[in-house]
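Have a look at upload19.cif below; it lists mmCIF, C-alpha atoms and all ligand atoms.
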data_coords
#
loop_
_atom_site.label_atom_id
_atom_site.label_comp_id
_atom_site.auth_asym_id
_atom_site.auth_seq_id
_atom_site.Cartn_x
_atom_site.Cartn_y
_atom_site.Cartn_z
CA MET F 29 38.78 49.24 -100.34
CA GLY F 30 38.03 51.69 -103.16
CA ASN F 31 34.71 51.99 -104.92
CA ALA F 32 35.93 50.19 -108.02
CA ASP F 33 37.10 47.22 -105.92
CA THR F 34 33.81 47.07 -104.06
CA ASN F 35 31.82 47.22 -107.28
CA SER F 36 33.77 44.48 -109.01
CA ARG F 37 33.68 42.26 -105.93
CA ILE F 38 29.88 42.56 -105.75
CA ALA F 39 29.54 41.89 -109.48
CA LEU F 40 31.68 38.75 -109.09
CA ASN F 41 29.67 37.55 -106.06
CA ILE F 42 26.44 38.00 -108.00
CA HIS F 43 27.83 36.13 -110.97
CA GLU F 44 28.92 33.23 -108.72
CA LEU F 45 25.56 33.19 -106.99
CA GLN F 46 23.63 33.15 -110.25
CA THR F 47 25.82 30.29 -111.49
CA ALA F 48 25.16 28.32 -108.28
CA ILE F 49 21.41 28.98 -108.58
CA ALA F 50 21.39 27.83 -112.21
CA LYS F 51 23.26 24.62 -111.35
CA ALA F 52 21.00 23.84 -108.40
CA ALA F 53 17.93 24.45 -110.56
CA GLU F 54 19.27 22.11 -113.21
CA ARG F 55 20.00 19.38 -110.62
CA ALA F 56 16.43 19.75 -109.36
CA GLY F 57 15.01 19.54 -112.88
CA ARG F 58 13.74 23.11 -112.65
CA ASP F 59 13.95 26.16 -114.88
CA ALA F 60 16.21 28.81 -113.28
CA LYS F 61 13.85 31.47 -114.68
CA ASP F 62 11.27 30.32 -112.13
CA ILE F 63 13.59 31.32 -109.27
CA ARG F 64 13.79 35.03 -108.41
CA LEU F 65 16.67 36.49 -106.48
CA VAL F 66 15.86 39.20 -103.94
CA ALA F 67 19.02 40.97 -102.74
CA VAL F 68 18.62 41.77 -99.04
CA SER F 69 20.37 45.12 -98.60
CA LYS F 70 19.65 45.76 -94.89
CA THR F 71 23.35 45.70 -93.91
CA VAL F 72 24.85 47.73 -96.76
CA GLY F 73 24.95 51.28 -98.10
CA ASP F 74 23.70 52.94 -101.25
CA GLN F 75 26.96 52.36 -103.13
CA GLN F 76 26.64 48.59 -102.75
CA ILE F 77 23.02 48.68 -103.86
CA GLN F 78 24.00 50.69 -106.93
CA ALA F 79 26.75 48.15 -107.69
CA ALA F 80 24.22 45.31 -107.52
CA ILE F 81 21.85 47.18 -109.84
CA THR F 82 24.69 47.79 -112.28
CA ALA F 83 25.48 44.07 -112.12
CA GLY F 84 21.92 43.36 -113.23
CA LEU F 85 19.85 42.73 -110.08
CA LYS F 86 16.31 44.05 -110.22
CA GLU F 87 14.77 43.02 -106.90
CA PHE F 88 15.81 44.12 -103.41
CA GLY F 89 14.57 43.51 -99.88
CA GLU F 90 14.58 45.45 -96.63
CA ASN F 91 13.39 44.40 -93.17
CA ARG F 92 12.88 47.81 -91.52
CA SER F 93 10.02 50.01 -92.65
CA LYS F 94 11.86 53.35 -92.46
CA GLN F 95 14.88 52.14 -94.41
CA PHE F 96 12.51 50.42 -96.83
CA ALA F 97 10.75 53.73 -97.58
CA GLU F 98 14.01 55.65 -98.03
CA ARG F 99 15.56 53.09 -100.34
CA GLN F 100 12.45 52.47 -102.38
CA ALA F 101 12.34 56.24 -103.03
CA SER F 102 16.07 56.46 -103.90
CA PHE F 103 16.13 53.43 -106.19
CA ASN F 104 12.66 53.42 -107.64
CA ASP F 105 13.50 51.74 -110.94
CA VAL F 106 13.96 48.36 -109.21
CA ALA F 107 11.40 46.32 -107.24
CA TRP F 108 11.43 46.42 -103.44
CA HIS F 109 10.27 43.64 -101.12
CA PHE F 110 9.38 44.16 -97.47
CA ILE F 111 10.68 41.14 -95.53
CA GLY F 112 10.71 42.23 -91.88
CA ARG F 113 8.49 42.02 -88.84
CA ILE F 114 5.44 44.23 -89.36
CA GLN F 115 4.12 46.87 -86.95
CA THR F 116 0.64 47.98 -87.93
CA ASN F 117 1.49 51.66 -87.27
CA LYS F 118 4.33 51.48 -89.84
CA ILE F 119 2.60 49.90 -92.79
CA LYS F 120 2.25 53.23 -94.62
CA ASP F 121 5.98 52.97 -95.27
CA PHE F 122 5.54 50.04 -97.63
CA VAL F 123 1.91 49.34 -98.62
CA GLY F 124 1.53 50.45 -102.22
CA THR F 125 5.27 50.71 -102.86
CA ALA F 126 6.35 47.16 -102.00
CA ALA F 127 6.28 44.75 -104.94
CA LEU F 128 5.66 42.04 -102.35
CA VAL F 129 5.27 42.00 -98.55
CA HIS F 130 6.76 38.68 -97.36
CA SER F 131 6.06 38.67 -93.67
CA VAL F 132 2.33 38.85 -92.91
CA ALA F 133 1.73 36.72 -89.84
CA SER F 134 -1.51 37.81 -88.18
CA GLU F 135 -5.11 38.68 -88.99
CA ARG F 136 -4.59 42.14 -87.51
CA VAL F 137 -1.72 42.93 -89.88
CA LEU F 138 -3.54 41.40 -92.83
CA ARG F 139 -6.62 43.56 -92.23
CA ALA F 140 -4.50 46.69 -91.68
CA ILE F 141 -2.71 46.17 -95.00
CA ALA F 142 -6.02 45.56 -96.77
CA LYS F 143 -7.47 48.75 -95.30
CA ARG F 144 -4.48 50.85 -96.30
CA ALA F 145 -4.52 49.36 -99.83
CA GLU F 146 -8.20 50.23 -100.08
CA GLN F 147 -7.46 53.86 -99.09
CA LEU F 148 -4.80 54.00 -101.79
CA GLY F 149 -7.06 52.33 -104.34
CA LEU F 150 -4.72 49.45 -105.10
CA ILE F 151 -4.20 45.75 -104.51
CA GLN F 152 -1.22 44.78 -102.34
CA SER F 153 0.56 41.51 -103.10
CA LEU F 154 1.78 39.64 -100.05
CA LEU F 155 2.94 36.33 -98.63
CA ILE F 156 1.97 34.68 -95.36
CA GLU F 157 4.96 33.87 -93.17
CA VAL F 158 4.81 30.39 -91.68
CA ASN F 159 6.82 29.23 -88.68
CA THR F 160 7.95 25.86 -90.01
CA ALA F 161 10.64 25.55 -87.33
CA HIS F 162 8.01 25.38 -84.56
CA GLU F 163 10.27 27.64 -82.48
CA ALA F 164 8.60 30.17 -80.22
CA SER F 165 11.34 32.66 -81.08
CA LYS F 166 10.53 32.59 -84.79
CA ASP F 167 7.99 34.82 -86.50
CA GLY F 168 5.15 33.43 -88.58
CA VAL F 169 1.87 31.65 -88.11
CA SER F 170 1.92 27.99 -87.21
CA PRO F 171 0.89 25.66 -90.05
CA HIS F 172 -2.46 24.87 -88.40
CA GLU F 173 -3.31 28.59 -88.15
CA LEU F 174 -2.78 29.15 -91.87
CA PRO F 175 -6.23 28.05 -93.13
CA SER F 176 -8.10 30.46 -90.87
CA LEU F 177 -5.88 33.35 -92.03
CA LEU F 178 -6.55 32.44 -95.66
CA GLU F 179 -10.27 32.35 -94.88
CA VAL F 180 -9.96 35.98 -93.79
CA ALA F 181 -7.80 36.90 -96.79
CA GLN F 182 -10.20 35.53 -99.37
CA ASP F 183 -12.77 38.13 -98.34
CA LEU F 184 -10.32 41.04 -98.60
CA PRO F 185 -10.32 42.13 -102.25
CA THR F 186 -7.47 44.66 -101.79
CA VAL F 187 -4.88 42.03 -100.95
CA ARG F 188 -3.54 39.23 -103.10
CA VAL F 189 -1.87 36.31 -101.31
CA GLN F 190 0.81 35.22 -103.76
CA GLY F 191 2.21 32.43 -101.58
CA LEU F 192 4.07 31.50 -98.42
CA MET F 193 7.35 32.49 -96.80
CA THR F 194 9.52 30.89 -94.13
CA VAL F 195 12.83 31.45 -92.37
CA ALA F 196 14.59 28.18 -91.59
CA PRO F 197 16.25 27.73 -88.19
CA ILE F 198 19.99 27.44 -87.73
CA ALA F 199 19.95 23.66 -87.56
CA SER F 200 21.11 20.51 -89.30
CA GLU F 201 20.71 20.19 -93.04
CA LEU F 202 18.05 17.56 -92.47
CA GLU F 203 16.02 19.84 -90.22
CA VAL F 204 16.30 22.80 -92.60
CA GLN F 205 15.23 20.61 -95.50
CA ARG F 206 12.23 19.42 -93.50
CA CYS F 207 11.15 23.04 -92.94
CA PHE F 208 11.31 23.80 -96.66
CA ALA F 209 9.55 20.56 -97.59
CA ASP F 210 6.83 21.33 -95.04
CA LEU F 211 6.26 24.78 -96.55
CA ARG F 212 5.99 23.28 -100.03
CA GLU F 213 3.51 20.62 -98.89
CA LEU F 214 1.46 23.19 -97.04
CA SER F 215 1.42 25.35 -100.17
CA GLU F 216 0.21 22.42 -102.29
CA GLN F 217 -2.59 21.65 -99.82
CA MET F 218 -3.69 25.29 -99.73
CA GLN F 219 -3.60 25.58 -103.52
CA GLN F 220 -6.00 22.64 -103.68
CA SER F 221 -8.28 24.01 -100.97
CA TYR F 222 -8.49 27.46 -102.53
CA ALA F 223 -8.30 26.63 -106.23
CA GLY F 224 -10.21 29.26 -108.16
CA VAL F 225 -10.21 31.92 -105.42
CA THR F 226 -8.86 34.88 -107.40
CA ASN F 227 -7.04 36.73 -104.64
CA LEU F 228 -5.36 33.59 -103.27
CA ALA F 229 -2.80 32.74 -105.94
CA LEU F 230 -0.46 30.88 -103.56
CA ALA F 231 2.14 29.87 -106.17
CA GLU F 232 5.17 31.59 -104.63
CA LEU F 233 7.50 30.00 -102.07
CA SER F 234 9.86 32.54 -100.49
CA MET F 235 12.52 30.44 -98.77
CA GLY F 236 16.29 30.17 -98.80
CA MET F 237 18.99 32.57 -97.59
CA SER F 238 22.79 32.63 -97.99
CA ASP F 239 23.36 29.47 -95.95
CA ASP F 240 20.50 27.34 -97.21
CA PHE F 241 19.41 28.48 -100.68
CA LEU F 242 20.63 25.31 -102.42
CA LEU F 243 18.34 23.20 -100.23
CA ALA F 244 15.52 25.68 -100.81
CA ILE F 245 15.85 25.39 -104.58
CA ARG F 246 15.72 21.61 -104.26
CA GLU F 247 12.49 21.90 -102.27
CA GLY F 248 10.80 24.26 -104.72
CA ALA F 249 11.70 27.84 -103.72
CA THR F 250 10.52 30.45 -106.24
CA ILE F 251 11.99 33.44 -104.37
CA LEU F 252 15.38 33.47 -102.62
CA ARG F 253 16.20 36.22 -100.12
CA ILE F 254 19.96 36.60 -100.07
CA GLY F 255 22.17 39.12 -98.32
CA ARG F 256 25.62 38.10 -97.12
CA SER F 257 26.65 36.05 -100.19
CA ILE F 258 26.20 39.15 -102.33
CA TRP F 259 27.95 41.75 -100.14
CA ARG F 260 30.86 39.74 -98.67
C1 LIG S 301 18.60 39.23 -93.46
C2 LIG S 301 17.53 38.39 -94.02
C3 LIG S 301 17.78 37.57 -95.13
C4 LIG S 301 19.14 37.43 -95.79
O1 LIG S 301 19.99 36.64 -95.00
P1 LIG S 301 21.49 36.27 -95.44
O2 LIG S 301 21.85 35.19 -94.49
O3 LIG S 301 22.29 37.51 -95.27
O4 LIG S 301 21.46 35.80 -96.85
C5 LIG S 301 16.71 36.83 -95.63
N1 LIG S 301 15.48 36.89 -95.08
C6 LIG S 301 15.21 37.67 -94.02
C7 LIG S 301 13.84 37.68 -93.45
C8 LIG S 301 16.22 38.44 -93.45
O5 LIG S 301 15.94 39.21 -92.38
#

Can you give me the file's structure in the form of structure tokens?
Ligand SMILES: *Cc1c(COP(=O)(O)O)cnc(C)c1O
Amino acid sequence: MGNADTNSRIALNIHELQTAIAKAAERAGRDAKDIRLVAVSKTVGDQQIQAAITAGLKEFGENRSKQFAERQASFNDVAWHFIGRIQTNKIKDFVGTAALVHSVASERVLRAIAKRAEQLGLIQSLLIEVNTAHEASKDGVSPHELPSLLEVAQDLPTVRVQGLMTVAPIASELEVQRCFADLRELSEQMQQSYAGVTNLALAELSMGMSDDFLLAIREGATILRIGRSIWR
């Protein structure tokens, strides 16, 4: 397919996606403006990213630190989210340049990010990834480990925990919905426990991908991470 075809196909996909998001928000009695779309570009090239920017998208996500750094440098007029598994020796690739780091899942990583942010003289916004599927294969802290991680975070002034993130399992609609509902309930509990702690904002819920974003909107998602539905 030619460039023009690719560009118009991506623009159409984005339009359809935004329409679906708006309808789902309305059905849930929510304002679509409270739901941000992060385009996950890990599987596509620069031309597709440019097409999505031209079509109006302003937030992108990558799950590998090297590709994150390259793309953030190439397309630095849009916001970049780091959404992948974190290795502490690679955090230089995204701390300070990521609008939001979605996938913090251990005290070691949290402290490493805080230290790097301190060196750079900035505050890094991040989310804690929670394993709501209770699957050993999934990344994220278990729900009962979350409070102790937030206890650590509240004493680290160079990080700001903006909320929670989860990846739902490939499972029945009911099971996926339970994961999203669990994340929302956990978020509400934590917001109560840490009300007034300035670096624990906790309002964001990053959940929902191409196959399950409608359910995620229903359960309160504020950030959707979507790849395939945009690039297909
Ligand atoms: C790839 C990826 C996505 C996007 O998934 P799609 O099914 O392509 O929409 C979202 N979140 C994470 C963490 C990913 O790795």

How would you write, as an MDAnalysis selection string, the set of residues no farther than 9 Å from ligand LIG 301 (chain S) when counting only C-alpha atoms and all ligand atoms?
chainID F and resid 66:71 89:91 110:113 130:131 193:195 234:241 252:259

Using Å and a single decimal, report how far CA of Gly168 in chain F sits from CA of Ala244 in chain F.
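If I compute the distance from CA of Ala244 in chain F to CA of Gly168 in chain F, I get 17.8 Å.
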
Identify which of the residues F:Gln152, F:Thr160, F:Gln76, F:Gln95 lies closest to Leu228 in chain F, counting all atoms listed in the file when measuring atom-to-atom distances.
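Counting all atoms listed in the file, the residue closest to Leu228 in chain F is F:Gln152.
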
Two-atom distance - CA of Val72 in chain F, CA of Thr116 in chain F (Å)
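For CA of Val72 in chain F relative to CA of Thr116 in chain F, the distance reads 25.8 Å.
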
Exercise: Ala52 in chain F partners within 10 Å, all atoms listed in the file, chain neighbours under 2 positions left out, as a ChimeraX atom specification
/F:46-50,54-60,241-246

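Ranking F:Ile38, F:Ala97, F:Leu184, F:Val169 by their shortest atom-to-atom distance to Ile77 in chain F, with only C-alpha atoms included, puts F:Ile38 first.
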
Give me, as an MDAnalysis selection string, all polymer residues having an atom no more than 6 Å from Leu233 in chain F, counting all atoms listed in the file and skipping those fewer than 6 positions away in the same chain.
chainID F and resid 191:193 249:250

Who sits within 7 Å of Val189 in chain F, all atoms listed in the file, same chain under 2 positions skipped, as a ChimeraX atom specification
/F:153-155,187,191,227-230

For the residues selected in the previous step, produce a file with C-alpha atoms as a compact mmCIF listing (two decimals), in the frame of the given file.
# COMPACT_ATOMS: atom_id res chain seq x y z
CA SER F 153 0.56 41.51 -103.10
CA LEU F 154 1.78 39.64 -100.05
CA LEU F 155 2.94 36.33 -98.63
CA VAL F 187 -4.88 42.03 -100.95
CA GLY F 191 2.21 32.43 -101.58
CA ASN F 227 -7.04 36.73 -104.64
CA LEU F 228 -5.36 33.59 -103.27
CA ALA F 229 -2.80 32.74 -105.94
CA LEU F 230 -0.46 30.88 -103.56
